[in-house]
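Asker: Got a structure for you, my_file_14.cif, holding mmCIF, C-alpha atoms and all ligand atoms.
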data_work
#
loop_
_atom_site.label_atom_id
_atom_site.label_comp_id
_atom_site.auth_asym_id
_atom_site.auth_seq_id
_atom_site.Cartn_x
_atom_site.Cartn_y
_atom_site.Cartn_z
CA MET A 23 0.00 0.00 0.00
CA LEU A 24 1.29 3.45 -0.92
CA ARG A 25 1.46 5.69 2.15
CA TYR A 26 3.41 8.61 3.53
CA LEU A 27 4.13 10.54 6.69
CA THR A 28 5.56 14.02 7.05
CA SER A 29 7.35 15.75 9.90
CA GLY A 30 8.74 19.22 10.46
CA GLU A 31 7.85 22.70 11.67
CA SER A 32 7.39 25.72 9.41
CA HIS A 33 10.46 27.45 10.88
CA GLY A 34 12.27 24.28 11.90
CA LYS A 35 15.38 23.01 10.18
CA SER A 36 13.62 21.12 7.41
CA LEU A 37 10.53 19.30 6.21
CA ILE A 38 10.88 15.52 6.15
CA SER A 39 8.71 12.95 4.40
CA ILE A 40 8.84 9.18 4.12
CA ILE A 41 6.94 7.51 1.26
CA ASP A 42 6.49 3.78 1.42
CA GLY A 43 5.24 1.58 -1.42
CA ILE A 44 6.82 3.25 -4.47
CA PRO A 45 7.67 0.47 -6.97
CA ALA A 46 11.25 -0.23 -8.03
CA ASN A 47 12.93 0.88 -11.25
CA ILE A 48 11.12 4.18 -11.72
CA GLU A 49 13.54 6.75 -13.09
CA LEU A 50 13.03 10.05 -11.27
CA ASP A 51 13.40 13.44 -12.88
CA ILE A 52 14.69 15.48 -9.93
CA ASP A 53 14.50 18.79 -11.83
CA GLU A 54 10.83 18.17 -12.47
CA ILE A 55 10.13 17.64 -8.75
CA ASN A 56 11.97 20.88 -7.97
CA ASN A 57 10.08 22.67 -10.71
CA GLU A 58 6.80 21.56 -9.15
CA LEU A 59 8.04 22.89 -5.77
CA ARG A 60 8.90 26.17 -7.47
CA LYS A 61 5.39 26.40 -8.91
CA ARG A 62 3.93 25.93 -5.40
CA GLN A 63 5.97 28.90 -4.20
CA GLN A 64 4.59 31.20 -6.87
CA GLY A 65 1.33 33.03 -7.36
CA TYR A 66 0.48 36.68 -6.98
CA GLY A 67 -0.55 37.52 -3.42
CA ARG A 68 2.02 35.55 -1.46
CA GLY A 69 3.88 37.03 1.50
CA GLY A 70 7.54 37.55 2.42
CA ARG A 71 8.43 33.93 3.21
CA MET A 72 8.49 32.84 -0.41
CA LYS A 73 11.25 35.37 -1.10
CA ILE A 74 13.40 33.59 1.48
CA GLU A 75 12.77 29.98 0.44
CA GLN A 76 13.93 28.17 -2.69
CA ASP A 77 12.41 24.76 -2.06
CA LYS A 78 14.44 21.84 -3.38
CA ILE A 79 14.33 18.15 -2.51
CA ASN A 80 17.21 16.31 -0.97
CA ILE A 81 16.54 12.56 -1.26
CA LEU A 82 18.05 10.72 1.70
CA GLY A 83 17.06 7.12 0.96
CA GLY A 84 15.17 4.72 -1.29
CA VAL A 85 16.69 5.94 -4.57
CA ARG A 86 19.97 5.04 -6.25
CA GLY A 87 21.32 6.92 -9.25
CA LYS A 88 17.92 8.65 -9.64
CA VAL A 89 16.15 5.25 -9.89
CA THR A 90 13.74 4.04 -7.18
CA LEU A 91 14.74 0.90 -5.25
CA GLY A 92 11.26 -0.15 -4.06
CA SER A 93 12.29 0.71 -0.51
CA PRO A 94 10.89 3.65 1.50
CA ILE A 95 11.92 7.00 0.05
CA SER A 96 12.94 9.73 2.49
CA ILE A 97 12.95 13.33 1.39
CA GLU A 98 14.16 16.52 3.04
CA ILE A 99 13.23 20.06 2.04
CA GLU A 100 15.36 22.60 3.86
CA ASN A 101 13.77 25.66 5.47
CA LYS A 102 16.18 28.46 4.58
CA ASP A 103 14.38 30.67 7.12
CA TYR A 104 15.60 28.37 9.94
CA LYS A 105 18.79 30.39 10.27
CA ASN A 106 16.61 33.35 11.35
CA TRP A 107 14.65 31.15 13.76
CA GLU A 108 17.28 28.84 15.23
CA LYS A 109 17.32 30.64 18.59
CA TYR A 110 13.55 30.09 18.90
CA MET A 111 13.17 26.70 17.22
CA ASN A 112 16.32 24.62 17.85
CA PRO A 113 15.13 21.15 18.89
CA MET A 114 18.44 20.16 20.54
CA ASP A 115 19.29 23.23 22.63
CA GLU A 116 17.71 25.78 24.99
CA VAL A 117 15.55 28.28 23.08
CA ASP A 118 14.10 31.76 23.62
CA LEU A 119 10.46 30.95 24.37
CA ASP A 120 9.31 34.54 24.91
CA THR A 121 10.18 36.61 21.86
CA LYS A 122 8.08 34.64 19.36
CA LYS A 123 5.32 33.62 21.76
CA VAL A 124 1.82 33.76 20.26
CA SER A 125 -0.93 33.94 22.87
CA LYS A 126 -3.54 36.08 21.07
CA VAL A 127 -4.94 33.15 19.11
CA ARG A 128 -6.10 33.75 15.52
CA PRO A 129 -9.70 32.79 14.66
CA GLY A 130 -9.78 30.35 11.76
CA HIS A 131 -6.30 28.98 12.48
CA ALA A 132 -5.55 25.90 14.59
CA ASP A 133 -4.20 28.18 17.38
CA LEU A 134 -6.95 28.07 20.01
CA VAL A 135 -8.08 24.47 19.72
CA GLY A 136 -4.48 23.28 19.35
CA CYS A 137 -3.58 25.01 22.65
CA LEU A 138 -6.64 23.59 24.42
CA LYS A 139 -5.99 20.09 23.12
CA PHE A 140 -2.24 19.85 23.71
CA ASP A 141 -2.09 21.95 26.94
CA PHE A 142 -0.04 24.82 25.50
CA LEU A 143 -0.04 28.49 26.51
CA ASP A 144 1.92 29.38 23.36
CA ALA A 145 0.20 28.92 19.98
CA ARG A 146 3.66 28.95 18.36
CA ASN A 147 3.77 25.23 19.31
CA VAL A 148 0.62 24.72 17.23
CA LEU A 149 1.05 27.02 14.26
CA GLU A 150 4.52 25.76 13.43
CA ARG A 151 3.09 22.39 12.48
CA SER A 152 -0.39 23.39 11.33
CA SER A 153 1.17 25.86 8.83
CA ALA A 154 0.66 25.27 5.13
CA ARG A 155 4.45 25.12 4.84
CA GLU A 156 3.93 21.34 5.11
CA THR A 157 2.30 21.35 1.66
CA ALA A 158 5.79 21.52 0.12
CA SER A 159 6.22 17.87 1.23
CA LYS A 160 2.86 16.94 -0.29
CA VAL A 161 3.94 18.44 -3.62
CA ALA A 162 7.24 16.53 -3.67
CA ILE A 163 5.40 13.26 -2.94
CA GLY A 164 2.72 13.92 -5.57
CA SER A 165 5.35 14.80 -8.12
CA ILE A 166 6.98 11.38 -7.69
CA CYS A 167 3.54 9.76 -8.09
CA LYS A 168 2.97 11.67 -11.33
CA GLN A 169 6.24 10.32 -12.67
CA ILE A 170 5.13 6.74 -11.97
CA LEU A 171 1.76 7.29 -13.63
CA ARG A 172 3.29 8.93 -16.69
CA ASN A 173 4.45 5.44 -17.70
CA PHE A 174 0.74 4.66 -18.10
CA SER A 175 -0.22 7.93 -19.90
CA VAL A 176 -1.99 9.44 -16.86
CA ASP A 177 -1.66 13.22 -16.85
CA PHE A 178 -2.66 15.96 -14.39
CA THR A 179 -3.42 19.65 -14.50
CA SER A 180 -5.21 22.26 -12.39
CA TYR A 181 -6.27 25.90 -12.47
CA VAL A 182 -7.92 28.59 -10.40
CA VAL A 183 -11.66 29.02 -11.02
CA LYS A 184 -12.41 31.76 -8.49
CA ILE A 185 -10.61 34.14 -6.15
CA GLY A 186 -12.65 36.38 -3.85
CA ASP A 187 -15.66 37.52 -5.87
CA ILE A 188 -14.08 37.05 -9.32
CA LYS A 189 -15.18 33.80 -10.97
CA ASP A 190 -14.36 32.17 -14.31
CA TYR A 191 -17.54 30.53 -15.70
CA ASN A 192 -15.89 28.89 -18.76
CA PHE A 193 -15.27 25.20 -19.32
CA TYR A 194 -11.82 24.34 -20.70
CA ASP A 195 -10.46 21.16 -22.16
CA PHE A 196 -7.53 19.47 -20.46
CA ASP A 197 -4.86 20.46 -22.98
CA TYR A 198 -5.92 24.11 -22.96
CA ILE A 199 -5.51 24.23 -19.18
CA LYS A 200 -2.19 22.38 -19.26
CA ASN A 201 -0.74 24.58 -22.01
CA ASN A 202 -1.80 27.92 -20.54
CA VAL A 203 -2.06 27.76 -16.78
CA ASP A 204 1.63 28.26 -16.02
CA ASN A 205 1.63 31.55 -17.95
CA SER A 206 -0.73 33.14 -15.47
CA LEU A 207 0.44 34.85 -12.26
CA VAL A 208 -2.64 33.49 -10.52
CA ARG A 209 -3.02 30.15 -12.39
CA CYS A 210 -6.29 31.33 -13.94
CA LEU A 211 -7.32 31.19 -17.61
CA ASP A 212 -9.60 34.22 -17.63
CA LYS A 213 -9.96 37.47 -15.67
CA GLU A 214 -6.31 37.56 -14.53
CA ASN A 215 -6.28 41.37 -14.28
CA GLU A 216 -9.50 41.48 -12.29
CA ILE A 217 -8.18 38.83 -9.91
CA ILE A 218 -4.90 40.71 -9.41
CA GLN A 219 -6.86 43.89 -8.65
CA GLU A 220 -8.99 41.93 -6.18
CA ILE A 221 -5.84 40.68 -4.42
CA ASP A 222 -4.30 44.20 -4.34
CA LYS A 223 -7.53 45.57 -2.86
CA ALA A 224 -7.71 42.89 -0.16
CA LYS A 225 -4.03 43.46 0.68
CA SER A 226 -4.45 47.22 1.00
CA GLU A 227 -7.38 46.61 3.36
CA GLY A 228 -5.39 44.14 5.50
CA ASP A 229 -7.64 41.29 4.38
CA THR A 230 -7.18 37.85 2.76
CA LEU A 231 -8.92 35.93 -0.04
CA GLY A 232 -10.09 32.37 -0.57
CA GLY A 233 -11.05 30.73 -3.83
CA ILE A 234 -11.90 27.65 -5.86
CA ILE A 235 -9.49 25.30 -7.63
CA GLU A 236 -10.19 22.68 -10.29
CA VAL A 237 -8.03 19.57 -10.75
CA ARG A 238 -8.23 17.39 -13.87
CA VAL A 239 -6.79 13.94 -14.50
CA LYS A 240 -6.83 12.33 -17.92
CA ASN A 241 -6.21 8.81 -19.19
CA VAL A 242 -7.12 7.10 -15.91
CA ILE A 243 -8.23 3.52 -16.52
CA PRO A 244 -11.71 2.43 -15.34
CA GLY A 245 -11.96 0.54 -12.07
CA LEU A 246 -9.65 2.36 -9.64
CA GLY A 247 -11.41 2.18 -6.27
CA SER A 248 -14.30 -0.09 -5.42
CA TYR A 249 -18.01 0.02 -4.57
CA THR A 250 -17.64 -3.03 -2.31
CA GLN A 251 -16.63 -1.28 0.93
CA PHE A 252 -16.89 2.33 2.17
CA ASP A 253 -13.16 2.76 2.65
CA LYS A 254 -12.33 1.50 -0.84
CA LYS A 255 -14.25 4.22 -2.68
CA ILE A 256 -11.83 6.45 -4.54
CA ASP A 257 -14.02 9.56 -4.21
CA GLY A 258 -13.98 9.08 -0.43
CA GLU A 259 -10.20 8.82 -0.41
CA LEU A 260 -9.76 11.81 -2.73
CA SER A 261 -12.01 13.89 -0.49
CA LYS A 262 -10.15 12.79 2.64
CA HIS A 263 -6.77 13.75 1.22
CA LEU A 264 -7.98 17.02 -0.31
CA MET A 265 -9.88 18.06 2.83
CA SER A 266 -6.68 17.41 4.79
CA ILE A 267 -4.86 20.15 2.91
CA GLN A 268 -4.58 23.24 5.09
CA ALA A 269 -7.52 25.65 4.46
CA ILE A 270 -9.58 23.36 2.19
CA LYS A 271 -13.20 23.40 3.36
CA GLY A 272 -15.04 21.64 0.56
CA VAL A 273 -14.53 19.17 -2.28
CA GLU A 274 -16.90 18.40 -5.14
CA ILE A 275 -16.61 15.89 -7.96
CA GLY A 276 -18.02 16.65 -11.40
CA LEU A 277 -21.01 18.95 -11.09
CA GLY A 278 -20.88 18.42 -7.31
CA PHE A 279 -23.52 20.52 -5.54
CA ASP A 280 -25.18 21.29 -8.89
CA LEU A 281 -26.17 17.61 -9.10
CA SER A 282 -29.11 18.47 -6.82
CA THR A 283 -31.46 18.28 -9.80
CA ARG A 284 -33.40 15.75 -11.95
CA GLY A 285 -31.57 12.55 -12.85
CA SER A 286 -32.36 12.97 -16.53
CA ASN A 287 -30.42 16.27 -16.50
CA VAL A 288 -27.15 14.87 -15.25
CA MET A 289 -26.57 11.12 -15.66
CA ASP A 290 -23.78 10.41 -18.13
CA GLU A 291 -25.62 8.30 -20.71
CA ILE A 292 -23.72 5.41 -22.29
CA TYR A 293 -23.56 4.31 -25.93
CA TYR A 294 -21.45 2.06 -28.11
CA ASP A 295 -19.69 3.31 -31.22
CA ASP A 296 -16.67 1.11 -31.88
CA LYS A 297 -16.06 1.37 -28.11
CA ILE A 298 -17.99 2.20 -24.92
CA LYS A 299 -18.61 5.96 -24.82
CA ARG A 300 -20.44 8.61 -22.76
CA TYR A 301 -22.35 11.63 -24.00
CA THR A 302 -21.35 13.74 -20.98
CA ASN A 303 -19.11 13.64 -17.90
CA ASN A 304 -21.25 15.34 -15.26
CA LEU A 305 -20.19 12.88 -12.56
CA GLY A 306 -16.55 13.89 -13.04
CA GLY A 307 -15.16 10.48 -13.98
CA ILE A 308 -16.26 8.58 -10.86
CA GLU A 309 -19.29 6.27 -10.44
CA GLY A 310 -19.87 3.95 -7.48
CA GLY A 311 -16.55 4.94 -5.90
CA MET A 312 -14.66 3.82 -9.02
CA THR A 313 -13.02 5.67 -11.88
CA THR A 314 -15.06 5.35 -15.10
CA GLY A 315 -12.22 6.01 -17.54
CA GLU A 316 -13.58 9.50 -18.26
CA GLU A 317 -11.58 12.54 -17.21
CA ILE A 318 -11.59 13.12 -13.45
CA ILE A 319 -12.85 16.61 -12.54
CA ILE A 320 -12.59 17.81 -8.93
CA ARG A 321 -13.13 21.24 -7.39
CA CYS A 322 -11.89 22.36 -3.99
CA VAL A 323 -12.69 25.49 -2.03
CA MET A 324 -9.91 27.13 -0.03
CA LYS A 325 -10.96 29.39 2.80
CA PRO A 326 -9.19 32.75 3.15
CA ILE A 327 -5.96 32.59 5.16
CA PRO A 328 -6.90 33.36 8.78
CA THR A 329 -3.95 35.66 9.54
CA LEU A 330 -5.28 39.13 8.83
CA TYR A 331 -3.22 42.31 9.01
CA LYS A 332 -6.52 43.90 10.05
CA PRO A 333 -6.85 41.67 13.11
CA LEU A 334 -10.03 39.94 14.22
CA ASN A 335 -11.50 39.82 17.70
CA SER A 336 -10.05 37.15 19.91
CA ILE A 337 -8.61 36.46 23.35
CA ASP A 338 -5.22 36.08 24.97
CA ILE A 339 -5.05 32.41 25.95
CA ASN A 340 -2.81 33.30 28.94
CA THR A 341 -4.94 36.05 30.52
CA LEU A 342 -8.35 35.18 28.99
CA LYS A 343 -8.81 38.91 28.32
CA ASN A 344 -10.36 40.07 25.05
CA TYR A 345 -7.80 41.28 22.53
CA GLU A 346 -7.28 41.51 18.81
CA ALA A 347 -5.64 38.38 17.35
CA SER A 348 -1.87 38.30 16.72
CA VAL A 349 -0.53 39.32 13.34
CA GLU A 350 1.98 36.87 11.90
CA ARG A 351 3.67 37.28 8.54
CA SER A 352 1.37 35.66 6.00
CA ASP A 353 -0.05 35.69 2.48
CA THR A 354 -2.97 37.74 1.15
CA CYS A 355 -3.94 34.90 -1.18
CA ALA A 356 -2.43 31.43 -1.60
CA VAL A 357 -5.13 29.98 -3.89
CA PRO A 358 -2.75 29.65 -6.91
CA ALA A 359 -0.22 27.77 -4.73
CA CYS A 360 -3.03 25.60 -3.39
CA SER A 361 -3.92 24.64 -6.97
CA VAL A 362 -0.45 23.06 -7.31
CA VAL A 363 -0.88 21.34 -3.94
CA CYS A 364 -4.34 19.92 -4.78
CA GLU A 365 -3.07 18.60 -8.13
CA ASN A 366 -0.23 16.72 -6.44
CA VAL A 367 -2.42 15.39 -3.64
CA VAL A 368 -4.79 14.00 -6.28
CA ALA A 369 -1.76 12.42 -7.97
CA PHE A 370 -0.90 10.60 -4.73
CA VAL A 371 -4.43 9.14 -4.38
CA ILE A 372 -4.67 8.11 -8.04
CA CYS A 373 -1.24 6.49 -7.79
CA LYS A 374 -2.20 4.66 -4.58
CA TYR A 375 -5.32 3.18 -6.18
CA PHE A 376 -3.54 2.48 -9.45
CA LEU A 377 -0.88 0.45 -7.64
CA GLU A 378 -3.56 -1.38 -5.67
CA LYS A 379 -5.55 -2.29 -8.81
CA ILE A 380 -2.66 -3.10 -11.11
CA GLY A 381 -0.19 -4.52 -8.57
CA GLY A 382 3.50 -5.14 -9.02
CA ASP A 383 6.46 -3.96 -7.03
CA ASN A 384 8.54 -2.96 -10.03
CA LEU A 385 7.90 -1.14 -13.29
CA ARG A 386 8.13 -4.25 -15.50
CA ASP A 387 5.53 -6.22 -13.52
CA LEU A 388 3.27 -3.18 -13.35
CA THR A 389 3.50 -2.73 -17.12
CA SER A 390 2.61 -6.32 -17.95
CA ASN A 391 -0.27 -6.35 -15.41
CA TYR A 392 -1.52 -3.08 -16.86
CA ASN A 393 -1.40 -4.40 -20.42
CA ASN A 394 -3.29 -7.55 -19.38
CA TYR A 395 -6.00 -5.46 -17.77
CA LEU A 396 -6.31 -3.22 -20.84
CA GLU A 397 -6.55 -6.30 -23.06
CA ARG A 398 -9.45 -7.67 -21.02
CA LEU A 399 -11.21 -4.29 -20.97
CA ASN A 400 -10.77 -4.22 -24.73
CA GLU A 401 -12.52 -7.59 -25.05
CA MET A 402 -15.40 -6.11 -23.05
CA GLY A 403 -15.73 -3.08 -25.33
CA TRP A 404 -13.78 -0.49 -23.36
CA LYS A 405 -10.96 1.21 -25.26
CA ARG A 406 -9.12 4.45 -24.59
C1 LIG A 501 3.96 28.83 3.75
C2 LIG A 501 4.83 29.36 4.62
C3 LIG A 501 4.38 30.28 5.65
C4 LIG A 501 3.20 31.10 5.13
C5 LIG A 501 2.06 30.22 4.66
C6 LIG A 501 2.50 29.10 3.78
O1 LIG A 501 5.48 31.07 5.95
P1 LIG A 501 5.59 32.09 7.20
O2 LIG A 501 4.62 31.60 8.23
O3 LIG A 501 7.02 32.00 7.63
O4 LIG A 501 5.26 33.45 6.64
O5 LIG A 501 3.61 31.90 4.04
O6 LIG A 501 1.39 29.64 5.73
C7 LIG A 501 0.24 30.22 6.18
C8 LIG A 501 -0.25 31.30 5.71
C9 LIG A 501 -0.46 29.53 7.24
O7 LIG A 501 -1.44 30.11 7.76
O8 LIG A 501 -0.06 28.46 7.61
C10 LIG A 501 4.40 27.95 2.64
O9 LIG A 501 5.57 27.53 2.57
O10 LIG A 501 3.54 27.67 1.80
#
The structure in this file should be written as structure tokens.
Answerer:
Amino acid sequence: MLRYLTSGESHGKSLISIIDGIPANIELDIDEINNELRKRQQGYGRGGRMKIEQDKINILGGVRGKVTLGSPISIEIENKDYKNWEKYMNPMDEVDLDTKKVSKVRPGHADLVGCLKFDFLDARNVLERSSARETASKVAIGSICKQILRNFSVDFTSYVVKIGDIKDYNFYDFDYIKNNVDNSLVRCLDKENEIIQEIDKAKSEGDTLGGIIEVRVKNVIPGLGSYTQFDKKIDGELSKHLMSIQAIKGVEIGLGFDLSTRGSNVMDEIYYDDKIKRYTNNLGGIEGGMTTGEEIIIRCVMKPIPTLYKPLNSIDINTLKNYEASVERSDTCAVPACSVVCENVVAFVICKYFLEKIGGDNLRDLTSNYNNYLERLNEMGWKR
């Protein structure tokens, strides 16, 4: 089973991940992983931290000569900012606990509940780990998964549908998104100027902005996931992983909430014309907890970042007096970065289910199992 764990604080020495279950003999393109990390750092509306960091992976185990060994892969991403934080964050020495103490907990962040739960009087202990800095690890892991799936033609893209009140109502095909999204400062395909103005306005007012992201996956074979048990459904697993990304508050597949209509409006009718085909893809490529072979379409909503320069009402957790919440350095809008994160998190889940369905602990076995499966699907009328 493909799985991972991450460790590390936002201003600690580094971010660490261990990925277990990656098959052997996959050649890794390290530059591509770093390029994906670079994309996560970009996007108009980010704060000062991204000028300090230049995220790059340092693989510590599980890979030899850029080729996976089938053993657990350990990855480090250094926090360049650590040198400015060592006196507050050093795990192995005495630290200054006062200067960076956060006691005026920020509504919307993990601060208050984290302090209550773990018996802390300093939300620094909470925010260091709850920070979206951890998403750099998720991107590195997803990028490796994409490289595995590329051997089987699976491809991923994502873009920003909405930021603040500015929404793009168009529908784009996969290749259009893939070919254009990286040219935009906000990973959108329409209304870039309006979105940038919206971000500037929110920034000047000390506010933050949330938004909606769409992820697409093409060339996924039918039958990843299963209807036979609740925890085997791939839409459940996708939602779990996407909802676990910092600040994601909702996930919808295909038309999602707009499916609250008549069945005849939305079911993806089936016909045969040299192969099994669909007239539409309103269910976003998943039926009965399984991939249908149609493109996977997922949307996620990211709430606005809770650290506001115009602070919100809150309390001091030490004195229980009413105060305005602390102001920490933050971003006005991280929706474009979150698009890169969501895309890579989806890649992890698709890869996990692909490996479960196809099986094989090395690329050659995977390839022959995959070809056998496609051959049988072919006999049953399903062709790509
Ligand atoms: C982030 C690093 C953080 C924030 C952001 C995401 O850096 P710092 O806290 O040093 O400014 O820019 O995290 C949050 C806004 C948050 O609320 O967690 C990153 O690497 O993406």
Asker: Check the smallest atom-to-atom distance from each of A:Met72, A:Leu334, A:Leu377, A:Val242 to ligand LIG 501 (chain A) using all atoms listed in the file, then report the winner.
Answerer: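 Smallest distance to ligand LIG 501 (chain A) is found for A:Met72.
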Asker: Please provide the set of residues having any atom within 8 Å of A:Glu98, restricted to all atoms listed in the file, with same-chain residues fewer than 3 positions apart removed, written as an mmCIF file with C-alpha atoms, keeping the file's coordinate frame.
Answerer:
data_model
loop_
_atom_site.group_PDB
_atom_site.id
_atom_site.type_symbol
_atom_site.label_atom_id
_atom_site.label_comp_id
_atom_site.auth_asym_id
_atom_site.auth_seq_id
_atom_site.Cartn_x
_atom_site.Cartn_y
_atom_site.Cartn_z
ATOM 1 C CA SER A 36 13.620 21.120 7.410
ATOM 2 C CA LEU A 37 10.530 19.300 6.210
ATOM 3 C CA ILE A 38 10.880 15.520 6.150
ATOM 4 C CA SER A 39 8.710 12.950 4.400
ATOM 5 C CA ILE A 79 14.330 18.150 -2.510
ATOM 6 C CA ASN A 80 17.210 16.310 -0.970
ATOM 7 C CA ILE A 81 16.540 12.560 -1.260
ATOM 8 C CA LEU A 82 18.050 10.720 1.700
#
Asker: Between A:Val208, A:Val85, A:Ile163, A:Met402, which is the closest to A:Leu24 once you count only C-alpha atoms?
Answerer: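 Using only C-alpha atoms, A:Leu24 sits closest to A:Ile163.
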Asker: From the options A:Asp77, A:Trp404, A:Leu50, A:Gln63, which residue's atoms come nearest to A:Lys297, counting all atoms listed in the file?
Answerer: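 Closest to A:Lys297 of all the choices is A:Trp404.
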Asker: How would you report the residues lying within 7 Å of ligand LIG 501 (chain A), as a VMD selection string, if you count all atoms listed in the file?
Answerer: chain A and resid 32 to 33 63 68 to 72 131 149 152 to 158 327 to 329 350 to 353
Asker: Would you please work out which residue, of A:Asn106, A:Asn393, A:Ser361, A:Thr302, is nearest to A:Ile234 when using all atoms listed in the file?
Answerer: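 Comparing A:Asn106, A:Asn393, A:Ser361, A:Thr302 against A:Ile234, the winner is A:Ser361.
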Asker: Suppose you want the space between atom CA of A:Asn57 and atom CA of A:Lys78; what is it in Å?
Answerer: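 Pair atom CA of A:Asn57 / atom CA of A:Lys78 returns 8.6 Å.
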Asker: Compare A:Met324, A:Val273, A:Val89, A:Ile99 by their minimum atom-to-atom distance to A:Ile185, counting all atoms listed in the file, and give me the closest one.
Answerer: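 Smallest separation from A:Ile185 among the options: A:Met324.
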Asker: If you count all atoms listed in the file, which residues fall within 12 Å of A:Tyr194, apart from same-chain ones fewer than 2 positions away, as an MDAnalysis selection string?
Answerer: chainID A and resid 179:183 190:192 196:203 210:212 236:238 319
Asker: Could you check which of A:Cys355, A:Ile97, A:Val288, A:Val127 is closest to A:Lys184, using only C-alpha atoms?
Answerer: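 Among the listed residues, the smallest separation from A:Lys184 belongs to A:Cys355.
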Asker: Figure out the distance between atom CA of A:Val362 and atom CA of A:Leu134, please, to one decimal in Å.
Answerer: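 It comes out at 28.5 Å.
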